[in-house]
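Source file work_1.pdb; content: PDB, N, CA and C atoms.
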ATOM      1  N   MET A  71     161.931  65.134 -10.073
ATOM      2  CA  MET A  71     160.971  66.213  -9.901
ATOM      3  C   MET A  71     159.634  65.628  -9.435
ATOM      4  N   SER A  72     159.055  66.218  -8.411
ATOM      5  CA  SER A  72     157.759  65.741  -7.924
ATOM      6  C   SER A  72     156.639  66.508  -8.621
ATOM      7  N   VAL A  73     155.496  65.870  -8.705
ATOM      8  CA  VAL A  73     154.346  66.446  -9.402
ATOM      9  C   VAL A  73     153.445  67.137  -8.388
ATOM     10  N   ASP A  74     153.068  68.368  -8.674
ATOM     11  CA  ASP A  74     152.163  69.127  -7.817
ATOM     12  C   ASP A  74     150.740  68.942  -8.350
ATOM     13  N   PHE A  75     149.965  68.098  -7.681
ATOM     14  CA  PHE A  75     148.617  67.772  -8.144
ATOM     15  C   PHE A  75     147.672  68.968  -8.057
ATOM     16  N   ASP A  76     147.984  69.947  -7.216
ATOM     17  CA  ASP A  76     147.124  71.125  -7.101
ATOM     18  C   ASP A  76     147.141  71.970  -8.380
ATOM     19  N   LEU A  77     148.233  71.864  -9.139
ATOM     20  CA  LEU A  77     148.343  72.641 -10.366
ATOM     21  C   LEU A  77     147.741  71.939 -11.575
ATOM     22  N   LEU A  78     147.496  70.639 -11.442
ATOM     23  CA  LEU A  78     146.942  69.868 -12.552
ATOM     24  C   LEU A  78     145.422  69.821 -12.436
ATOM     25  N   ASN A  79     144.750  69.961 -13.541
ATOM     26  CA  ASN A  79     143.292  69.928 -13.573
ATOM     27  C   ASN A  79     142.845  68.472 -13.646
ATOM     28  N   THR A  80     142.431  67.925 -12.507
ATOM     29  CA  THR A  80     142.007  66.530 -12.432
ATOM     30  C   THR A  80     140.736  66.421 -11.594
ATOM     31  N   VAL A  81     140.075  65.257 -11.701
ATOM     32  CA  VAL A  81     138.866  64.982 -10.938
ATOM     33  C   VAL A  81     139.000  63.578 -10.363
ATOM     34  N   GLU A  82     138.594  63.429  -9.110
ATOM     35  CA  GLU A  82     138.626  62.102  -8.491
ATOM     36  C   GLU A  82     137.453  61.265  -8.980
ATOM     37  N   PRO A  83     137.675  59.985  -9.219
ATOM     38  CA  PRO A  83     136.546  59.120  -9.574
ATOM     39  C   PRO A  83     135.642  58.898  -8.359
ATOM     40  N   VAL A  84     134.342  58.826  -8.603
ATOM     41  CA  VAL A  84     133.353  58.628  -7.541
ATOM     42  C   VAL A  84     132.394  57.537  -8.009
ATOM     43  N   SER A  85     132.083  56.630  -7.126
ATOM     44  CA  SER A  85     131.180  55.535  -7.481
ATOM     45  C   SER A  85     129.752  56.052  -7.669
ATOM     46  N   ALA A  86     128.965  55.286  -8.416
ATOM     47  CA  ALA A  86     127.561  55.659  -8.643
ATOM     48  C   ALA A  86     126.800  55.714  -7.323
ATOM     49  N   LYS A  87     127.150  54.850  -6.397
ATOM     50  CA  LYS A  87     126.489  54.844  -5.082
ATOM     51  C   LYS A  87     126.760  56.151  -4.339
ATOM     52  N   ARG A  88     128.006  56.612  -4.373
ATOM     53  CA  ARG A  88     128.339  57.882  -3.710
ATOM     54  C   ARG A  88     127.698  59.071  -4.419
ATOM     55  N   LEU A  89     127.554  58.981  -5.737
ATOM     56  CA  LEU A  89     126.883  60.064  -6.465
ATOM     57  C   LEU A  89     125.441  60.202  -6.000
ATOM     58  N   ALA A  90     124.783  59.081  -5.763
ATOM     59  CA  ALA A  90     123.386  59.097  -5.333
ATOM     60  C   ALA A  90     123.224  59.747  -3.962
ATOM     61  N   GLU A  91     124.263  59.716  -3.160
ATOM     62  CA  GLU A  91     124.211  60.288  -1.815
ATOM     63  C   GLU A  91     124.489  61.792  -1.804
ATOM     64  N   LYS A  92     125.006  62.314  -2.896
ATOM     65  CA  LYS A  92     125.406  63.722  -2.930
ATOM     66  C   LYS A  92     124.231  64.644  -3.230
ATOM     67  N   HIS A  93     124.357  65.865  -2.755
ATOM     68  CA  HIS A  93     123.392  66.931  -3.002
ATOM     69  C   HIS A  93     123.469  67.322  -4.480
ATOM     70  N   THR A  94     122.372  67.770  -5.037
ATOM     71  CA  THR A  94     122.325  68.138  -6.453
ATOM     72  C   THR A  94     123.350  69.216  -6.794
ATOM     73  N   GLY A  95     123.537  70.166  -5.901
ATOM     74  CA  GLY A  95     124.529  71.214  -6.145
ATOM     75  C   GLY A  95     125.929  70.644  -6.271
ATOM     76  N   SER A  96     126.252  69.642  -5.466
ATOM     77  CA  SER A  96     127.559  68.991  -5.549
ATOM     78  C   SER A  96     127.715  68.260  -6.880
ATOM     79  N   LEU A  97     126.634  67.664  -7.342
ATOM     80  CA  LEU A  97     126.681  66.975  -8.631
ATOM     81  C   LEU A  97     126.904  67.962  -9.773
ATOM     82  N   LEU A  98     126.277  69.129  -9.685
ATOM     83  CA  LEU A  98     126.466  70.141 -10.722
ATOM     84  C   LEU A  98     127.892  70.685 -10.712
ATOM     85  N   MET A  99     128.481  70.799  -9.539
ATOM     86  CA  MET A  99     129.887  71.225  -9.448
ATOM     87  C   MET A  99     130.800  70.172 -10.089
ATOM     88  N   ARG A 100     130.476  68.908  -9.870
ATOM     89  CA  ARG A 100     131.257  67.833 -10.491
ATOM     90  C   ARG A 100     131.099  67.878 -12.011
ATOM     91  N   LEU A 101     129.907  68.173 -12.486
ATOM     92  CA  LEU A 101     129.672  68.295 -13.920
ATOM     93  C   LEU A 101     130.572  69.380 -14.512
ATOM     94  N   LYS A 102     130.649  70.521 -13.848
ATOM     95  CA  LYS A 102     131.520  71.602 -14.308
ATOM     96  C   LYS A 102     132.980  71.174 -14.307
ATOM     97  N   ALA A 103     133.386  70.453 -13.258
ATOM     98  CA  ALA A 103     134.774  70.003 -13.166
ATOM     99  C   ALA A 103     135.111  69.033 -14.294
ATOM    100  N   LEU A 104     134.200  68.136 -14.602
ATOM    101  CA  LEU A 104     134.428  67.195 -15.701
ATOM    102  C   LEU A 104     134.484  67.928 -17.045
ATOM    103  N   ARG A 105     133.662  68.946 -17.201
ATOM    104  CA  ARG A 105     133.674  69.726 -18.448
ATOM    105  C   ARG A 105     134.987  70.482 -18.634
ATOM    106  N   ARG A 106     135.609  70.902 -17.529
ATOM    107  CA  ARG A 106     136.839  71.696 -17.601
ATOM    108  C   ARG A 106     138.084  70.883 -17.963
ATOM    109  N   LEU A 107     138.002  69.575 -17.900
ATOM    110  CA  LEU A 107     139.181  68.767 -18.195
ATOM    111  C   LEU A 107     139.578  68.909 -19.660
ATOM    112  N   GLN A 108     140.861  68.672 -19.916
ATOM    113  CA  GLN A 108     141.366  68.785 -21.283
ATOM    114  C   GLN A 108     140.890  67.618 -22.134
ATOM    115  N   GLU A 109     140.831  67.845 -23.433
ATOM    116  CA  GLU A 109     140.314  66.841 -24.360
ATOM    117  C   GLU A 109     141.179  65.579 -24.377
ATOM    118  N   SER A 110     142.488  65.757 -24.480
ATOM    119  CA  SER A 110     143.369  64.590 -24.563
ATOM    120  C   SER A 110     144.782  64.973 -24.126
ATOM    121  N   PHE A 111     145.584  63.947 -23.839
ATOM    122  CA  PHE A 111     146.972  64.176 -23.442
ATOM    123  C   PHE A 111     147.750  64.839 -24.576
ATOM    124  N   SER A 112     147.478  64.421 -25.806
ATOM    125  CA  SER A 112     148.216  64.970 -26.949
ATOM    126  C   SER A 112     147.940  66.461 -27.153
ATOM    127  N   GLN A 113     146.794  66.943 -26.713
ATOM    128  CA  GLN A 113     146.461  68.356 -26.853
ATOM    129  C   GLN A 113     146.851  69.173 -25.619
ATOM    130  N   SER A 114     147.411  68.513 -24.624
ATOM    131  CA  SER A 114     147.768  69.209 -23.379
ATOM    132  C   SER A 114     149.251  69.575 -23.375
ATOM    133  N   ASP A 115     149.638  70.327 -22.351
ATOM    134  CA  ASP A 115     151.046  70.675 -22.181
ATOM    135  C   ASP A 115     151.666  69.877 -21.031
ATOM    136  N   TRP A 116     151.058  68.759 -20.684
ATOM    137  CA  TRP A 116     151.536  67.928 -19.588
ATOM    138  C   TRP A 116     152.777  67.146 -20.006
ATOM    139  N   SER A 117     153.632  66.901 -19.034
ATOM    140  CA  SER A 117     154.793  66.036 -19.278
ATOM    141  C   SER A 117     154.381  64.579 -19.075
ATOM    142  N   ASP A 118     155.198  63.676 -19.568
ATOM    143  CA  ASP A 118     154.929  62.244 -19.371
ATOM    144  C   ASP A 118     154.916  61.902 -17.885
ATOM    145  N   GLU A 119     155.776  62.560 -17.122
ATOM    146  CA  GLU A 119     155.855  62.315 -15.675
ATOM    147  C   GLU A 119     154.545  62.706 -14.985
ATOM    148  N   GLU A 120     153.981  63.837 -15.390
ATOM    149  CA  GLU A 120     152.717  64.280 -14.801
ATOM    150  C   GLU A 120     151.583  63.301 -15.125
ATOM    151  N   ARG A 121     151.562  62.852 -16.366
ATOM    152  CA  ARG A 121     150.501  61.909 -16.747
ATOM    153  C   ARG A 121     150.637  60.600 -15.981
ATOM    154  N   GLU A 122     151.843  60.088 -15.855
ATOM    155  CA  GLU A 122     152.065  58.840 -15.121
ATOM    156  C   GLU A 122     151.680  58.984 -13.656
ATOM    157  N   ALA A 123     151.986  60.133 -13.056
ATOM    158  CA  ALA A 123     151.643  60.362 -11.653
ATOM    159  C   ALA A 123     150.130  60.420 -11.463
ATOM    160  N   VAL A 124     149.436  61.073 -12.379
ATOM    161  CA  VAL A 124     147.977  61.164 -12.301
ATOM    162  C   VAL A 124     147.357  59.786 -12.494
ATOM    163  N   ASP A 125     147.865  59.025 -13.453
ATOM    164  CA  ASP A 125     147.366  57.664 -13.678
ATOM    165  C   ASP A 125     147.600  56.785 -12.458
ATOM    166  N   ALA A 126     148.756  56.940 -11.819
ATOM    167  CA  ALA A 126     149.080  56.147 -10.634
ATOM    168  C   ALA A 126     148.129  56.470  -9.472
ATOM    169  N   GLN A 127     147.672  57.712  -9.394
ATOM    170  CA  GLN A 127     146.740  58.126  -8.341
ATOM    171  C   GLN A 127     145.300  57.738  -8.681
ATOM    172  N   GLY A 128     145.056  57.333  -9.924
ATOM    173  CA  GLY A 128     143.715  56.943 -10.338
ATOM    174  C   GLY A 128     142.793  58.116 -10.605
ATOM    175  N   LEU A 129     143.352  59.277 -10.883
ATOM    176  CA  LEU A 129     142.552  60.475 -11.131
ATOM    177  C   LEU A 129     142.117  60.556 -12.589
ATOM    178  N   ILE A 130     141.049  61.284 -12.833
ATOM    179  CA  ILE A 130     140.563  61.515 -14.185
ATOM    180  C   ILE A 130     141.163  62.832 -14.668
ATOM    181  N   ALA A 131     141.795  62.805 -15.845
ATOM    182  CA  ALA A 131     142.468  64.005 -16.315
ATOM    183  C   ALA A 131     142.068  64.422 -17.730
ATOM    184  N   PHE A 132     141.638  63.482 -18.557
ATOM    185  CA  PHE A 132     141.367  63.793 -19.963
ATOM    186  C   PHE A 132     140.033  63.207 -20.407
ATOM    187  N   LYS A 133     139.341  63.954 -21.265
ATOM    188  CA  LYS A 133     138.019  63.539 -21.722
ATOM    189  C   LYS A 133     138.053  62.320 -22.629
ATOM    190  N   ASP A 134     139.178  62.028 -23.231
ATOM    191  CA  ASP A 134     139.234  60.874 -24.119
ATOM    192  C   ASP A 134     139.517  59.561 -23.385
ATOM    193  N   SER A 135     139.531  59.614 -22.060
ATOM    194  CA  SER A 135     139.802  58.404 -21.278
ATOM    195  C   SER A 135     138.508  57.655 -20.963
ATOM    196  N   GLU A 136     138.636  56.367 -20.770
ATOM    197  CA  GLU A 136     137.488  55.541 -20.408
ATOM    198  C   GLU A 136     136.913  55.954 -19.055
ATOM    199  N   SER A 137     137.783  56.349 -18.134
ATOM    200  CA  SER A 137     137.314  56.753 -16.801
ATOM    201  C   SER A 137     136.471  58.025 -16.876
ATOM    202  N   TRP A 138     136.826  58.950 -17.777
ATOM    203  CA  TRP A 138     136.026  60.168 -17.935
ATOM    204  C   TRP A 138     134.661  59.813 -18.517
ATOM    205  N   GLN A 139     134.652  58.958 -19.528
ATOM    206  CA  GLN A 139     133.388  58.567 -20.163
ATOM    207  C   GLN A 139     132.458  57.906 -19.146
ATOM    208  N   ARG A 140     133.017  57.038 -18.300
ATOM    209  CA  ARG A 140     132.221  56.357 -17.280
ATOM    210  C   ARG A 140     131.702  57.367 -16.257
ATOM    211  N   ALA A 141     132.584  58.259 -15.788
ATOM    212  CA  ALA A 141     132.191  59.272 -14.802
ATOM    213  C   ALA A 141     131.100  60.169 -15.369
ATOM    214  N   TRP A 142     131.233  60.549 -16.624
ATOM    215  CA  TRP A 142     130.254  61.422 -17.271
ATOM    216  C   TRP A 142     128.896  60.740 -17.372
ATOM    217  N   SER A 143     128.877  59.504 -17.847
ATOM    218  CA  SER A 143     127.594  58.815 -18.023
ATOM    219  C   SER A 143     126.927  58.520 -16.680
ATOM    220  N   GLU A 144     127.707  58.151 -15.653
ATOM    221  CA  GLU A 144     127.130  57.912 -14.330
ATOM    222  C   GLU A 144     126.560  59.197 -13.737
ATOM    223  N   LEU A 145     127.276  60.290 -13.915
ATOM    224  CA  LEU A 145     126.817  61.579 -13.393
ATOM    225  C   LEU A 145     125.548  62.037 -14.111
ATOM    226  N   LYS A 146     125.518  61.928 -15.428
ATOM    227  CA  LYS A 146     124.341  62.329 -16.183
ATOM    228  C   LYS A 146     123.139  61.462 -15.814
ATOM    229  N   ALA A 147     123.376  60.167 -15.595
ATOM    230  CA  ALA A 147     122.286  59.272 -15.200
ATOM    231  C   ALA A 147     121.722  59.686 -13.841
ATOM    232  N   GLU A 148     122.592  60.031 -12.900
ATOM    233  CA  GLU A 148     122.133  60.444 -11.576
ATOM    234  C   GLU A 148     121.409  61.786 -11.653
ATOM    235  N   LEU A 149     121.932  62.722 -12.428
ATOM    236  CA  LEU A 149     121.268  64.025 -12.550
ATOM    237  C   LEU A 149     119.899  63.900 -13.208
ATOM    238  N   SER A 150     119.720  62.919 -14.076
ATOM    239  CA  SER A 150     118.428  62.751 -14.742
ATOM    240  C   SER A 150     117.339  62.305 -13.771
ATOM    241  N   THR A 151     117.725  61.799 -12.600
ATOM    242  CA  THR A 151     116.736  61.386 -11.603
ATOM    243  C   THR A 151     116.352  62.534 -10.674
ATOM    244  N   ARG A 152     117.075  63.630 -10.760
ATOM    245  CA  ARG A 152     116.827  64.774  -9.868
ATOM    246  C   ARG A 152     115.812  65.720 -10.486
ATOM    247  N   GLU A 153     115.123  66.467  -9.602
ATOM    248  CA  GLU A 153     114.153  67.450 -10.058
ATOM    249  C   GLU A 153     114.886  68.596 -10.744
ATOM    250  N   HIS A 154     114.332  69.047 -11.848
ATOM    251  CA  HIS A 154     114.905  70.190 -12.555
ATOM    252  C   HIS A 154     114.215  71.456 -12.083
ATOM    253  N   VAL A 155     114.991  72.395 -11.602
ATOM    254  CA  VAL A 155     114.458  73.684 -11.173
ATOM    255  C   VAL A 155     114.957  74.714 -12.172
ATOM    256  N   PRO A 156     114.046  75.322 -12.914
ATOM    257  CA  PRO A 156     114.486  76.278 -13.927
ATOM    258  C   PRO A 156     115.182  77.474 -13.281
ATOM    259  N   PRO A 157     116.153  78.035 -13.978
ATOM    260  CA  PRO A 157     116.847  79.200 -13.424
ATOM    261  C   PRO A 157     115.903  80.388 -13.322
ATOM    262  N   GLY A 158     116.214  81.299 -12.448
ATOM    263  CA  GLY A 158     115.414  82.504 -12.291
ATOM    264  C   GLY A 158     114.356  82.406 -11.220
ATOM    265  N   GLY A 159     114.352  81.349 -10.444
ATOM    266  CA  GLY A 159     113.350  81.176  -9.401
ATOM    267  C   GLY A 159     113.401  82.272  -8.356
ATOM    268  N   LYS A 160     114.588  82.692  -8.007
ATOM    269  CA  LYS A 160     114.750  83.733  -6.997
ATOM    270  C   LYS A 160     114.178  85.061  -7.509
ATOM    271  N   GLU A 161     114.458  85.356  -8.761
ATOM    272  CA  GLU A 161     113.952  86.585  -9.372
ATOM    273  C   GLU A 161     112.430  86.553  -9.461
ATOM    274  N   LEU A 162     111.870  85.407  -9.813
ATOM    275  CA  LEU A 162     110.416  85.271  -9.904
ATOM    276  C   LEU A 162     109.754  85.483  -8.537
ATOM    277  N   ARG A 163     110.342  84.923  -7.489
ATOM    278  CA  ARG A 163     109.800  85.122  -6.136
ATOM    279  C   ARG A 163     109.849  86.602  -5.749
ATOM    280  N   ARG A 164     110.919  87.279  -6.110
ATOM    281  CA  ARG A 164     111.054  88.699  -5.791
ATOM    282  C   ARG A 164     109.979  89.513  -6.509
ATOM    283  N   LEU A 165     109.741  89.208  -7.778
ATOM    284  CA  LEU A 165     108.709  89.926  -8.536
ATOM    285  C   LEU A 165     107.325  89.662  -7.977
ATOM    286  N   ASN A 166     107.057  88.416  -7.596
ATOM    287  CA  ASN A 166     105.763  88.093  -6.989
ATOM    288  C   ASN A 166     105.565  88.836  -5.674
ATOM    289  N   GLN A 167     106.598  88.931  -4.871
ATOM    290  CA  GLN A 167     106.519  89.644  -3.605
ATOM    291  C   GLN A 167     106.245  91.132  -3.831
ATOM    292  N   GLN A 168     106.911  91.710  -4.832
ATOM    293  CA  GLN A 168     106.674  93.125  -5.139
ATOM    294  C   GLN A 168     105.233  93.347  -5.615
ATOM    295  N   ALA A 169     104.702  92.431  -6.396
ATOM    296  CA  ALA A 169     103.330  92.553  -6.882
ATOM    297  C   ALA A 169     102.337  92.486  -5.713
ATOM    298  N   LYS A 170     102.613  91.632  -4.734
ATOM    299  CA  LYS A 170     101.746  91.544  -3.563
ATOM    300  C   LYS A 170     101.777  92.833  -2.760
ATOM    301  N   GLN A 171     102.928  93.439  -2.641
ATOM    302  CA  GLN A 171     103.056  94.664  -1.858
ATOM    303  C   GLN A 171     102.353  95.831  -2.509
ATOM    304  N   LYS A 172     102.199  95.809  -3.820
ATOM    305  CA  LYS A 172     101.530  96.909  -4.540
ATOM    306  C   LYS A 172     100.017  96.844  -4.422
ATOM    307  N   ARG A 173      99.478  95.726  -4.012
ATOM    308  CA  ARG A 173      98.011  95.578  -3.904
ATOM    309  C   ARG A 173      97.435  96.404  -2.813
TER     310      ARG A 173
END

How would this structure read if it were set down as structure tokens?
Amino acid sequence: MSVDFDLLNTVEPVSAKRLAEKHTGSLLMRLKALRRLQESFSQSDWSDEEREAVDAQGLIAFKDSESWQRAWSELKAELSTREHVPPGGKELRRLNQQAKQKR
């Protein structure tokens, strides 16, 4: 039986250098993808064959793995260097524009 990687929730490893080259939005998408991974193989419904295939491809699949921990810490370190833009900026601009129009 062959393993369908599209059905498995995995994340590709990315070097710290490549993370630095990515747009902040891409980094946030990666953060979400890492958060969505399962806690451990023992808590998953994966077969041994699926796990071996994912390991052979070098993909990150479980939060209890060393590769996930490394990916998480590298990503958090890179995000800490980026400017934080509080949510609601678009709404604030809209309200400011409406206030100007009322003058």

Residue members of the PyMOL selection byres ((chain A and resi 95-111) around 6.5) in the file shown, as a PyMOL selection string: chain A and resi 79+81+92-94+112-116+131-134

At what distance in Å, to one decimal, does CA of Glu82 in chain A lie from CA of Ile130 in chain A?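 Going from CA of Ile130 in chain A over to CA of Glu82 in chain A covers 6.0 Å.
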
Find, counting only C-alpha atoms, the residue in A:Ser117, A:Ser137, A:Ser143, A:Asn166 that gets nearest to Leu78 in chain A.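 Of A:Ser117, A:Ser137, A:Ser143, A:Asn166, the one nearest Leu78 in chain A is A:Ser117, counting only C-alpha atoms.
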
Selected residue, from A:Ala86, A:Ala169, A:Val124, A:Leu129, that lies nearest to Trp142 in chain A when counting only C-alpha atoms: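 Among A:Ala86, A:Ala169, A:Val124, A:Leu129, it is A:Ala86 that comes nearest to Trp142 in chain A.
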
Taking the DSSP assignment computed from this structure's backbone, write out as JSON, numbers by chain all residues of range 84-129 of chain A that belong to alpha helix (DSSP H). {"A": [86, 87, 88, 89, 90, 91, 94, 95, 96, 97, 98, 99, 100, 101, 102, 103, 104, 105, 106, 118, 119, 120, 121, 122, 123, 124, 125, 126, 127]}

So that I have them on file, write out the residues from the current selection with N, CA and C atoms, as an mmCIF file, in the coordinates of the input.
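again23.cif written:
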data_model
loop_
_atom_site.group_PDB
_atom_site.id
_atom_site.type_symbol
_atom_site.label_atom_id
_atom_site.label_comp_id
_atom_site.auth_asym_id
_atom_site.auth_seq_id
_atom_site.Cartn_x
_atom_site.Cartn_y
_atom_site.Cartn_z
ATOM 1 N N ALA A 86 128.965 55.286 -8.416
ATOM 2 C CA ALA A 86 127.561 55.659 -8.643
ATOM 3 C C ALA A 86 126.800 55.714 -7.323
ATOM 4 N N LYS A 87 127.150 54.850 -6.397
ATOM 5 C CA LYS A 87 126.489 54.844 -5.082
ATOM 6 C C LYS A 87 126.760 56.151 -4.339
ATOM 7 N N ARG A 88 128.006 56.612 -4.373
ATOM 8 C CA ARG A 88 128.339 57.882 -3.710
ATOM 9 C C ARG A 88 127.698 59.071 -4.419
ATOM 10 N N LEU A 89 127.554 58.981 -5.737
ATOM 11 C CA LEU A 89 126.883 60.064 -6.465
ATOM 12 C C LEU A 89 125.441 60.202 -6.000
ATOM 13 N N ALA A 90 124.783 59.081 -5.763
ATOM 14 C CA ALA A 90 123.386 59.097 -5.333
ATOM 15 C C ALA A 90 123.224 59.747 -3.962
ATOM 16 N N GLU A 91 124.263 59.716 -3.160
ATOM 17 C CA GLU A 91 124.211 60.288 -1.815
ATOM 18 C C GLU A 91 124.489 61.792 -1.804
ATOM 19 N N THR A 94 122.372 67.770 -5.037
ATOM 20 C CA THR A 94 122.325 68.138 -6.453
ATOM 21 C C THR A 94 123.350 69.216 -6.794
ATOM 22 N N GLY A 95 123.537 70.166 -5.901
ATOM 23 C CA GLY A 95 124.529 71.214 -6.145
ATOM 24 C C GLY A 95 125.929 70.644 -6.271
ATOM 25 N N SER A 96 126.252 69.642 -5.466
ATOM 26 C CA SER A 96 127.559 68.991 -5.549
ATOM 27 C C SER A 96 127.715 68.260 -6.880
ATOM 28 N N LEU A 97 126.634 67.664 -7.342
ATOM 29 C CA LEU A 97 126.681 66.975 -8.631
ATOM 30 C C LEU A 97 126.904 67.962 -9.773
ATOM 31 N N LEU A 98 126.277 69.129 -9.685
ATOM 32 C CA LEU A 98 126.466 70.141 -10.722
ATOM 33 C C LEU A 98 127.892 70.685 -10.712
ATOM 34 N N MET A 99 128.481 70.799 -9.539
ATOM 35 C CA MET A 99 129.887 71.225 -9.448
ATOM 36 C C MET A 99 130.800 70.172 -10.089
ATOM 37 N N ARG A 100 130.476 68.908 -9.870
ATOM 38 C CA ARG A 100 131.257 67.833 -10.491
ATOM 39 C C ARG A 100 131.099 67.878 -12.011
ATOM 40 N N LEU A 101 129.907 68.173 -12.486
ATOM 41 C CA LEU A 101 129.672 68.295 -13.920
ATOM 42 C C LEU A 101 130.572 69.380 -14.512
ATOM 43 N N LYS A 102 130.649 70.521 -13.848
ATOM 44 C CA LYS A 102 131.520 71.602 -14.308
ATOM 45 C C LYS A 102 132.980 71.174 -14.307
ATOM 46 N N ALA A 103 133.386 70.453 -13.258
ATOM 47 C CA ALA A 103 134.774 70.003 -13.166
ATOM 48 C C ALA A 103 135.111 69.033 -14.294
ATOM 49 N N LEU A 104 134.200 68.136 -14.602
ATOM 50 C CA LEU A 104 134.428 67.195 -15.701
ATOM 51 C C LEU A 104 134.484 67.928 -17.045
ATOM 52 N N ARG A 105 133.662 68.946 -17.201
ATOM 53 C CA ARG A 105 133.674 69.726 -18.448
ATOM 54 C C ARG A 105 134.987 70.482 -18.634
ATOM 55 N N ARG A 106 135.609 70.902 -17.529
ATOM 56 C CA ARG A 106 136.839 71.696 -17.601
ATOM 57 C C ARG A 106 138.084 70.883 -17.963
ATOM 58 N N ASP A 118 155.198 63.676 -19.568
ATOM 59 C CA ASP A 118 154.929 62.244 -19.371
ATOM 60 C C ASP A 118 154.916 61.902 -17.885
ATOM 61 N N GLU A 119 155.776 62.560 -17.122
ATOM 62 C CA GLU A 119 155.855 62.315 -15.675
ATOM 63 C C GLU A 119 154.545 62.706 -14.985
ATOM 64 N N GLU A 120 153.981 63.837 -15.390
ATOM 65 C CA GLU A 120 152.717 64.280 -14.801
ATOM 66 C C GLU A 120 151.583 63.301 -15.125
ATOM 67 N N ARG A 121 151.562 62.852 -16.366
ATOM 68 C CA ARG A 121 150.501 61.909 -16.747
ATOM 69 C C ARG A 121 150.637 60.600 -15.981
ATOM 70 N N GLU A 122 151.843 60.088 -15.855
ATOM 71 C CA GLU A 122 152.065 58.840 -15.121
ATOM 72 C C GLU A 122 151.680 58.984 -13.656
ATOM 73 N N ALA A 123 151.986 60.133 -13.056
ATOM 74 C CA ALA A 123 151.643 60.362 -11.653
ATOM 75 C C ALA A 123 150.130 60.420 -11.463
ATOM 76 N N VAL A 124 149.436 61.073 -12.379
ATOM 77 C CA VAL A 124 147.977 61.164 -12.301
ATOM 78 C C VAL A 124 147.357 59.786 -12.494
ATOM 79 N N ASP A 125 147.865 59.025 -13.453
ATOM 80 C CA ASP A 125 147.366 57.664 -13.678
ATOM 81 C C ASP A 125 147.600 56.785 -12.458
ATOM 82 N N ALA A 126 148.756 56.940 -11.819
ATOM 83 C CA ALA A 126 149.080 56.147 -10.634
ATOM 84 C C ALA A 126 148.129 56.470 -9.472
ATOM 85 N N GLN A 127 147.672 57.712 -9.394
ATOM 86 C CA GLN A 127 146.740 58.126 -8.341
ATOM 87 C C GLN A 127 145.300 57.738 -8.681
#

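As for atom N of Ser85 in chain A and CA of Ala141 in chain A, they are spaced 8.1 Å apart.
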
Of the candidates A:Leu165, A:Leu77, A:Leu89, A:Leu145, which shows the shortest atom-to-atom distance to Glu120 in chain A, using only C-alpha atoms?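 That would be A:Leu77, the residue with the smallest distance to Glu120 in chain A.
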